[in-house]
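Q: Sharing a structure below in structure tokens format, with a few things to ask.
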Amino acid sequence: MAAAAAAGPLRDVAIVAFGQSDHTRTSDEHSEVEMLMPVLHEVLQQTGLRTSDIGFTCSGSSDYLAGRAFSFTMALDGVGAWPPISESHVEMDGAWALYEAWVKILTGEVDTALVYSYGKSSPGSVRDVLTRQLDPYYVAPLWPDSVALAALQAQALIDAGETDEAALAGVAARSRDLALTNSHAQVPGARGQGDYLVRPLRTGDVPPVSDGAAAVILAAGDRARELCERPAWIRGMDHRIEAHSLGVRDLTDSPSTRLAAEKAGVFHLPVDTAELHAPYTSQEVVLRKALKLGDEVAVNPSGGPLAANPVMAAGLIRLGEAAARIHRGESERALAHATSGPCLQQNLVAVLEGEARG
Amino acid sequence: MAKEPVAVVGIGQTKHVASRKDVSLAGLVREAARRALADAELTWADIDAVVIGKAPDFFEGVMMPELYLADALGAVGKPMLRVHTAGSVGGSTALVAAGLVAARVHGTVLTLAFEKQSESNAMWGLSLPVPFQQPLLAGAGGFFAPHVRAYMRRTGAPDTVGSLVAYKDRRNALKNPYAHLHEEDITLEKVQSSPMLWDPVRYSETCPSSDGACAMVLTDRAGAARSPRPPAWMHGGAMRSEPTMFAGKDFVSPQAGQDCAADVYRQSGVTDPRREIDAVEMYVPFSWYEPMWLENLGFAAKGEGWKLTESGVTELDGDLPVNMSGGVLSTNPIGASGMIRFAEAALQVRGLAGEHQVDGARKALGHAYGGGSQFFAMWLVGAKPPSS
């Protein structure tokens, strides 16, 4: 498999369209399906494709956010899976749905794929909901919430001399200032760091609670060139998971991100852009180090998850935002990253390029 | 470039039971995974990636449990994917894993599906009321019973066909050491006199609620060449989905099921499934789904499926054995049930099915479905590598 990564994937596959909702703190008046439908229509419109033209459909979402079992079936009803479609679903961020769809295209069975994901964090307390991801015997019963765990990681970074509160405040301000150019962002424009939420993290260091959806269309080879003026070619993509227990991990580092980046071929050539799924300011510090990103790289030009963090879609949005930069000619080689689990337990890295290599 | 052929070289299951109080979730999945590795004579280090599947997270009360299970499945430092496509998930999970090998992304992949239903009440877990949606009534049986009744009315099948399926599957289960229900004293009369649950589905014509896991090791040609035991080769695999409800939906024989089977047969070069396929392991949670799926999958003409069942064709020693393992009617850890079907098909063509082996099985179909008869996953495996 190392050989496969070095030689690049078997087929040239590109992101040819990306759409996302305007992310909001609440969306009481809309169901998940209603939130998703305009986004699906948008990516289909961008490419001129109809649902029946799509070779494979894959989505990512969580029953725990939706508060009901088999929640993804309602979205499928909205997609219009008639006549029947070739379709799959991951109970993961949509970035992994994109990965599954990419592999499906690599097999040669299909040439196009529709990928979507969505999540509404507003109906419950997402901090508490995410505690249900933890080891059900030894950790979940203690209900350590996601902000508290991120704070542990931030404190470890500060103790190791890797960052300080002022630097974290800088990450927050930079991200939200960049979000001023992103009409979908929920928190555009820098604002005060606010009070401590869980020391050392202040309100400004944590992502907003967001409801939102995103969709992407993938296509292979000439099909991609037909559908998009400047396709964002996936030069490599890989994902890795770490141990679950925080006690056995070095929280100041992300070896899984580094390994995924190596396998994806990130380090062969410099990237000019990086969209990082770092919901907490401190996690950007960890990821920059793992990915060896210098100051010359534009990190989260969209504003990143600190400006909008629809859980289950936020990772897919990083891939979409990086691709959109390439579509617009603003990037030649971009890195996109997605994460899952407490304190960056699982990470996906993709490299996108503007021109396909021969 | 042509796809890499995919081989099954390791299969492992837990002994399925109503409640595995002796193990954690991690202990349960690890048991199946270790058995699959032992069958393949491989170690954790030989595995490049892990693809895991299960039905809704609410069944165990753990959100995205693969995060916590990464250690138990030797996935640390590796890619790990989690699939969820309702009841078909065990099949879909295997197909996603097979895709990784077929696309030459990985050489050897561990795939596993599980459910530990004793952690919750699956019947009520499947009965969640949702505003503005049609209620699913009490459990999946309440949803499916009217469709069984529709099949009976459409075909004129005698009332007794369902009990014949249950009697056959429960007897097959006696030959399968991993099956949940081992009803040594089963008789046709007992099935036919068991309480009516969801008319026309009786208690003994209904799947149990199980704790269990099933794992497979999938590998490429090089991996298959090193396999100590005969591999099963994947000849075709497909997934199809359609909406839960819409005007004109045929719940008795859903289009998605027909399309999925047609795709698998096309990939496999099968033109006459009834003649060319030696054994079928299909997802039959309620007895009547055997004749229904026989028609949906093209083994019988429309309205004729029940005749195959009634005449004994689907018995273990029949012309087209169905659910040799005892089927979902004897074992149902929901998330794993699809993969158990896929694994049984593979065991048959490997010649390793033990007492429930079909003599000379060369090609076998594994089938799974889920949701409101809307998600389908199938694969066809053979004793020989695919010809193309």
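Identifiers in the structure tokens: chain A, B, ... in order shown; residue index from 1 per chain; ligand index from 1 in order shown.
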Which residues of region 118-235 of chain B sit at most 9 Å from region 7-14 of chain B, using only C-alpha atoms? Give each one's shortest atom pair and distance in Å (one decimal place), in chain and ascending residue order, as JSON lines.
A:
{"residue": "B:Tyr178", "atom": "CA", "partner": "B:Thr14", "partner_atom": "CA", "distance": 6.5}
{"residue": "B:Asp211", "atom": "CA", "partner": "B:Thr14", "partner_atom": "CA", "distance": 8.7}
{"residue": "B:Gly212", "atom": "CA", "partner": "B:Thr14", "partner_atom": "CA", "distance": 5.7}
{"residue": "B:Ala213", "atom": "CA", "partner": "B:Thr14", "partner_atom": "CA", "distance": 5.7}
{"residue": "B:Cys214", "atom": "CA", "partner": "B:Gln13", "partner_atom": "CA", "distance": 4.4}
{"residue": "B:Ala215", "atom": "CA", "partner": "B:Gly12", "partner_atom": "CA", "distance": 5.1}
{"residue": "B:Met216", "atom": "CA", "partner": "B:Ile11", "partner_atom": "CA", "distance": 4.5}
{"residue": "B:Val217", "atom": "CA", "partner": "B:Gly10", "partner_atom": "CA", "distance": 4.7}
{"residue": "B:Leu218", "atom": "CA", "partner": "B:Val8", "partner_atom": "CA", "distance": 4.7}
{"residue": "B:Thr219", "atom": "CA", "partner": "B:Ala7", "partner_atom": "CA", "distance": 5.3}
{"residue": "B:Asp220", "atom": "CA", "partner": "B:Ala7", "partner_atom": "CA", "distance": 6.1}
{"residue": "B:Arg221", "atom": "CA", "partner": "B:Ala7", "partner_atom": "CA", "distance": 7.2}
{"residue": "B:Gly223", "atom": "CA", "partner": "B:Ala7", "partner_atom": "CA", "distance": 8.1}
{"residue": "B:Ala224", "atom": "CA", "partner": "B:Ala7", "partner_atom": "CA", "distance": 6.1}
{"residue": "B:Ser227", "atom": "CA", "partner": "B:Val9", "partner_atom": "CA", "distance": 6.2}
{"residue": "B:Pro228", "atom": "CA", "partner": "B:Val9", "partner_atom": "CA", "distance": 8.3}
{"residue": "B:Arg229", "atom": "CA", "partner": "B:Val9", "partner_atom": "CA", "distance": 7.1}
{"residue": "B:Pro230", "atom": "CA", "partner": "B:Val9", "partner_atom": "CA", "distance": 7.2}
{"residue": "B:Pro231", "atom": "CA", "partner": "B:Val9", "partner_atom": "CA", "distance": 4.8}
{"residue": "B:Ala232", "atom": "CA", "partner": "B:Val8", "partner_atom": "CA", "distance": 5.0}
{"residue": "B:Trp233", "atom": "CA", "partner": "B:Ala7", "partner_atom": "CA", "distance": 4.5}
{"residue": "B:Met234", "atom": "CA", "partner": "B:Ala7", "partner_atom": "CA", "distance": 6.1}
Q: Would you give me, as CSV, each residue of chain B having an atom within 6 Å of an atom of chain A, along with its shortest atom pair and that distance in Å to one decimal, using only C-alpha atoms and sorting by chain and residue number?
A:
residue,atom,partner,partner_atom,distance
B:Lys3,CA,A:Thr107,CA,5.8
B:Pro56,CA,A:Ala69,CA,5.5
B:Val62,CA,A:Arg132,CA,5.5
B:Met63,CA,A:Gln133,CA,4.6
B:Met64,CA,A:Gln133,CA,5.9
B:Tyr68,CA,A:His244,CA,5.3
B:Asp71,CA,A:Ala243,CA,5.7
B:Val76,CA,A:Glu242,CA,4.8
B:Gly77,CA,A:Ile241,CA,5.5
B:Lys78,CA,A:Arg240,CA,4.9
B:Pro79,CA,A:Arg240,CA,4.3
B:Arg82,CA,A:Val90,CA,5.7
B:Val83,CA,A:Val90,CA,4.3
B:His84,CA,A:Val90,CA,5.3
B:Thr85,CA,A:His89,CA,5.7
B:Ala102,CA,A:Thr107,CA,5.9
B:Ala103,CA,A:Thr107,CA,4.3
B:His106,CA,A:Met1,CA,5.4
B:Met239,CA,A:Ser86,CA,5.5
B:Arg240,CA,A:Ser86,CA,4.6
B:Ser241,CA,A:Pro84,CA,5.3
B:Glu242,CA,A:Pro84,CA,4.7
B:Pro243,CA,A:Asp77,CA,4.8
B:Ala256,CA,A:Pro84,CA,5.2
Q: Residues near Tyr167 (chain B), anyone? I mean within 9 Å using only C-alpha atoms, not counting same-chain ones fewer than 6 positions away, as a list in words.
A: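 Residues near the query, excluding close chain neighbours: Ile186, Thr187, Leu188, Lys190, Val191, Ser204 and Glu205 of chain B.
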Q: Based on DSSP run over this structure's backbone, return all residues of region 44-259 of chain A in alpha helix (DSSP H), as a ChimeraX atom specification.
A: /A:44-47,63-66,72-79,94-106,126-129,146-159,165-178,221-227,255-259
Q: Tell me which of B:Thr331, B:Ser24, B:Gln267, B:Asn323 sits closest to Glu119 (chain B), counting only C-alpha atoms.
A: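 Checking each candidate against Glu119 (chain B), we get B:Ser24 as the closest.
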Q: Excluding Val381 (chain B) and any residue of its chain fewer than 3 positions from it, enumerate the residues within 10 Å of it, using only C-alpha atoms, and give them as a list of chain:residue names.
A: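 Residues near the query, excluding close chain neighbours: B:Val6, B:Ala7, B:Val8, B:Pro231, B:Ala232, B:Trp233, B:Met234, B:His235, B:Gly236, B:Gly237, B:Ser268, B:Ile277, B:Phe342, B:Ala343, B:Ala345, B:Ala346, B:Leu347, B:Gln348, B:Val349, B:Arg350, B:Arg362, B:Lys363, B:Ala364, B:Leu365, B:Gly366, B:Met378, B:Lys384, B:Pro385, B:Pro386.
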Q: Would you compute the distance between CA of Glu29 (chain A) and CA of Gly303 (chain A)? Give it in Å to one decimal.
A: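 One can read the CA of Glu29 (chain A) to CA of Gly303 (chain A) distance as 26.1 Å.
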Q: Write out as a list in words the residues lying within 10 Å of region 291-296 of chain A, counting only C-alpha atoms and excluding same-chain residues fewer than 5 positions away.
A: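 After dropping sequence-adjacent residues, the list is Ser254, Pro255, Thr257, Arg258, Leu259, Ala260, Ala261, Glu262, Val266, Phe267, Pro270, Val271, Asp272, Thr273, Ala274, Val285, Val286, Leu335, His337 and Val349 of chain A.
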Q: Taking C-alpha atoms for each residue, export the selection above as an mmCIF file, in the first residue's frame.
A:
data_model
loop_
_atom_site.group_PDB
_atom_site.id
_atom_site.type_symbol
_atom_site.label_atom_id
_atom_site.label_comp_id
_atom_site.auth_asym_id
_atom_site.auth_seq_id
_atom_site.Cartn_x
_atom_site.Cartn_y
_atom_site.Cartn_z
ATOM 1 C CA SER A 254 -1.073 14.133 16.066
ATOM 2 C CA PRO A 255 0.821 11.150 14.688
ATOM 3 C CA THR A 257 -2.490 13.226 10.942
ATOM 4 C CA ARG A 258 1.186 13.051 10.063
ATOM 5 C CA LEU A 259 0.919 9.449 8.872
ATOM 6 C CA ALA A 260 -2.207 10.173 6.809
ATOM 7 C CA ALA A 261 -0.413 13.154 5.270
ATOM 8 C CA GLU A 262 2.585 11.005 4.375
ATOM 9 C CA VAL A 266 1.397 15.857 1.210
ATOM 10 C CA PHE A 267 5.122 16.226 1.804
ATOM 11 C CA PRO A 270 4.605 22.374 -0.808
ATOM 12 C CA VAL A 271 0.937 23.309 -0.448
ATOM 13 C CA ASP A 272 -0.264 26.913 -0.669
ATOM 14 C CA THR A 273 -3.530 26.366 1.211
ATOM 15 C CA ALA A 274 -4.649 24.220 4.124
ATOM 16 C CA VAL A 285 -1.408 24.414 16.746
ATOM 17 C CA VAL A 286 -1.232 20.609 16.877
ATOM 18 C CA LEU A 335 -4.396 20.317 1.738
ATOM 19 C CA HIS A 337 -8.068 17.800 6.728
ATOM 20 C CA VAL A 349 -5.843 14.236 4.931
#
Q: Taking the backbone alone, and naming residues the way the document does, which bits of region 220-316 of chain A are strand (DSSP E or B) by DSSP, as a list in words?
A: Ala220, Ala232, Trp233, Ile234, Arg235, Gly236, Met237, Asp238, His239, Arg240, Ile241, Thr273, Ala274, Glu275, Ala298 and Val299 of chain A
Q: Could you dump the residues just selected with C-alpha atoms as an mmCIF file, in the first residue's frame?
A:
data_model
loop_
_atom_site.group_PDB
_atom_site.id
_atom_site.type_symbol
_atom_site.label_atom_id
_atom_site.label_comp_id
_atom_site.auth_asym_id
_atom_site.auth_seq_id
_atom_site.Cartn_x
_atom_site.Cartn_y
_atom_site.Cartn_z
ATOM 1 C CA ALA A 220 -13.144 10.949 -12.840
ATOM 2 C CA ALA A 232 -9.710 20.007 -7.967
ATOM 3 C CA TRP A 233 -7.847 16.736 -8.532
ATOM 4 C CA ILE A 234 -7.428 14.427 -5.567
ATOM 5 C CA ARG A 235 -3.743 13.552 -5.690
ATOM 6 C CA GLY A 236 -3.899 11.462 -2.554
ATOM 7 C CA MET A 237 -6.131 10.809 0.419
ATOM 8 C CA ASP A 238 -5.631 8.759 3.561
ATOM 9 C CA HIS A 239 -6.986 8.570 7.075
ATOM 10 C CA ARG A 240 -5.690 7.062 10.311
ATOM 11 C CA ILE A 241 -7.012 6.493 13.804
ATOM 12 C CA THR A 273 -3.530 26.366 1.211
ATOM 13 C CA ALA A 274 -4.649 24.220 4.124
ATOM 14 C CA GLU A 275 -8.224 23.821 5.297
ATOM 15 C CA ALA A 298 -2.955 30.100 3.895
ATOM 16 C CA VAL A 299 -4.586 28.235 6.770
#
Q: Which residues of region 175-240 of chain B sit at most 10 Å from region 139-154 of chain B, using only C-alpha atoms? Give each one's shortest atom pair and distance in Å (one decimal place), in chain and ascending residue order, as a tab-separated table.
A:
residue	atom	partner	partner_atom	distance
B:Leu197	CA	B:Gly141	CA	8.1
B:Trp198	CA	B:Gly142	CA	6.0
B:Asp199	CA	B:Ala145	CA	6.5
B:Pro200	CA	B:Ala145	CA	6.6
B:Val201	CA	B:Ala145	CA	6.5
B:Arg202	CA	B:Gly141	CA	9.9
B:Thr206	CA	B:Gly141	CA	8.0
B:Cys207	CA	B:Gly141	CA	9.5
Q: Show which residues sit within 10 Å of Met35 (chain A), as a tab-separated table (two decimals) with C-alpha atoms, in the first residue's frame. Count only C-alpha atoms, and ignore same-chain residues fewer than 2 positions away.
A:
chain	number	residue	atom	x	y	z
A	20	GLN	CA	-22.94	24.36	1.68
A	21	SER	CA	-25.74	25.89	3.71
A	22	ASP	CA	-25.57	29.15	5.62
A	23	HIS	CA	-24.63	27.73	8.98
A	27	SER	CA	-32.73	25.87	12.52
A	29	GLU	CA	-38.03	25.88	11.32
A	30	HIS	CA	-36.21	23.38	9.08
A	31	SER	CA	-35.81	19.62	9.22
A	32	GLU	CA	-32.47	18.06	8.28
A	33	VAL	CA	-33.88	17.24	4.87
A	37	MET	CA	-32.11	19.95	-0.19
A	38	PRO	CA	-30.98	23.41	-1.38
A	39	VAL	CA	-27.36	22.30	-1.04
A	40	LEU	CA	-27.96	19.18	-3.11
A	75	ALA	CA	-32.41	12.40	3.93
A	118	TYR	CA	-25.44	17.30	7.55
A	119	GLY	CA	-25.86	17.81	11.24
A	120	LYS	CA	-28.02	19.80	13.60
A	211	ASP	CA	-26.55	23.52	12.16
A	212	GLY	CA	-25.55	22.97	8.57
A	213	ALA	CA	-25.14	20.79	5.52
A	214	ALA	CA	-22.70	20.36	2.67
Q: Could you jot down the CA of Gly204 (chain A) to CA of Arg288 (chain A) separation for me, Å, one decimal place?
A: 19.3 Å
Q: Calculate how many Å separate CA of Val109 (chain B) from CA of Pro65 (chain B), rounding to one decimal.
A: 19.1 Å
Q: For Ala173 (chain A), please output as a PyMOL selection string all residues within 7 Å (counting only C-alpha atoms; exclusion window: fewer than 4 positions along the same chain).
A: chain A and resi 169+177+190-191
Q: Save out the residues we just selected, C-alpha atoms, as a compact mmCIF listing (two decimals), in the first residue's frame.
A:
# COMPACT_ATOMS: atom_id res chain seq x y z
CA ALA A 169 -6.37 34.33 20.69
CA ASP A 177 -11.52 37.84 10.24
CA ALA A 190 -12.96 38.91 15.09
CA ARG A 191 -14.49 39.46 18.49
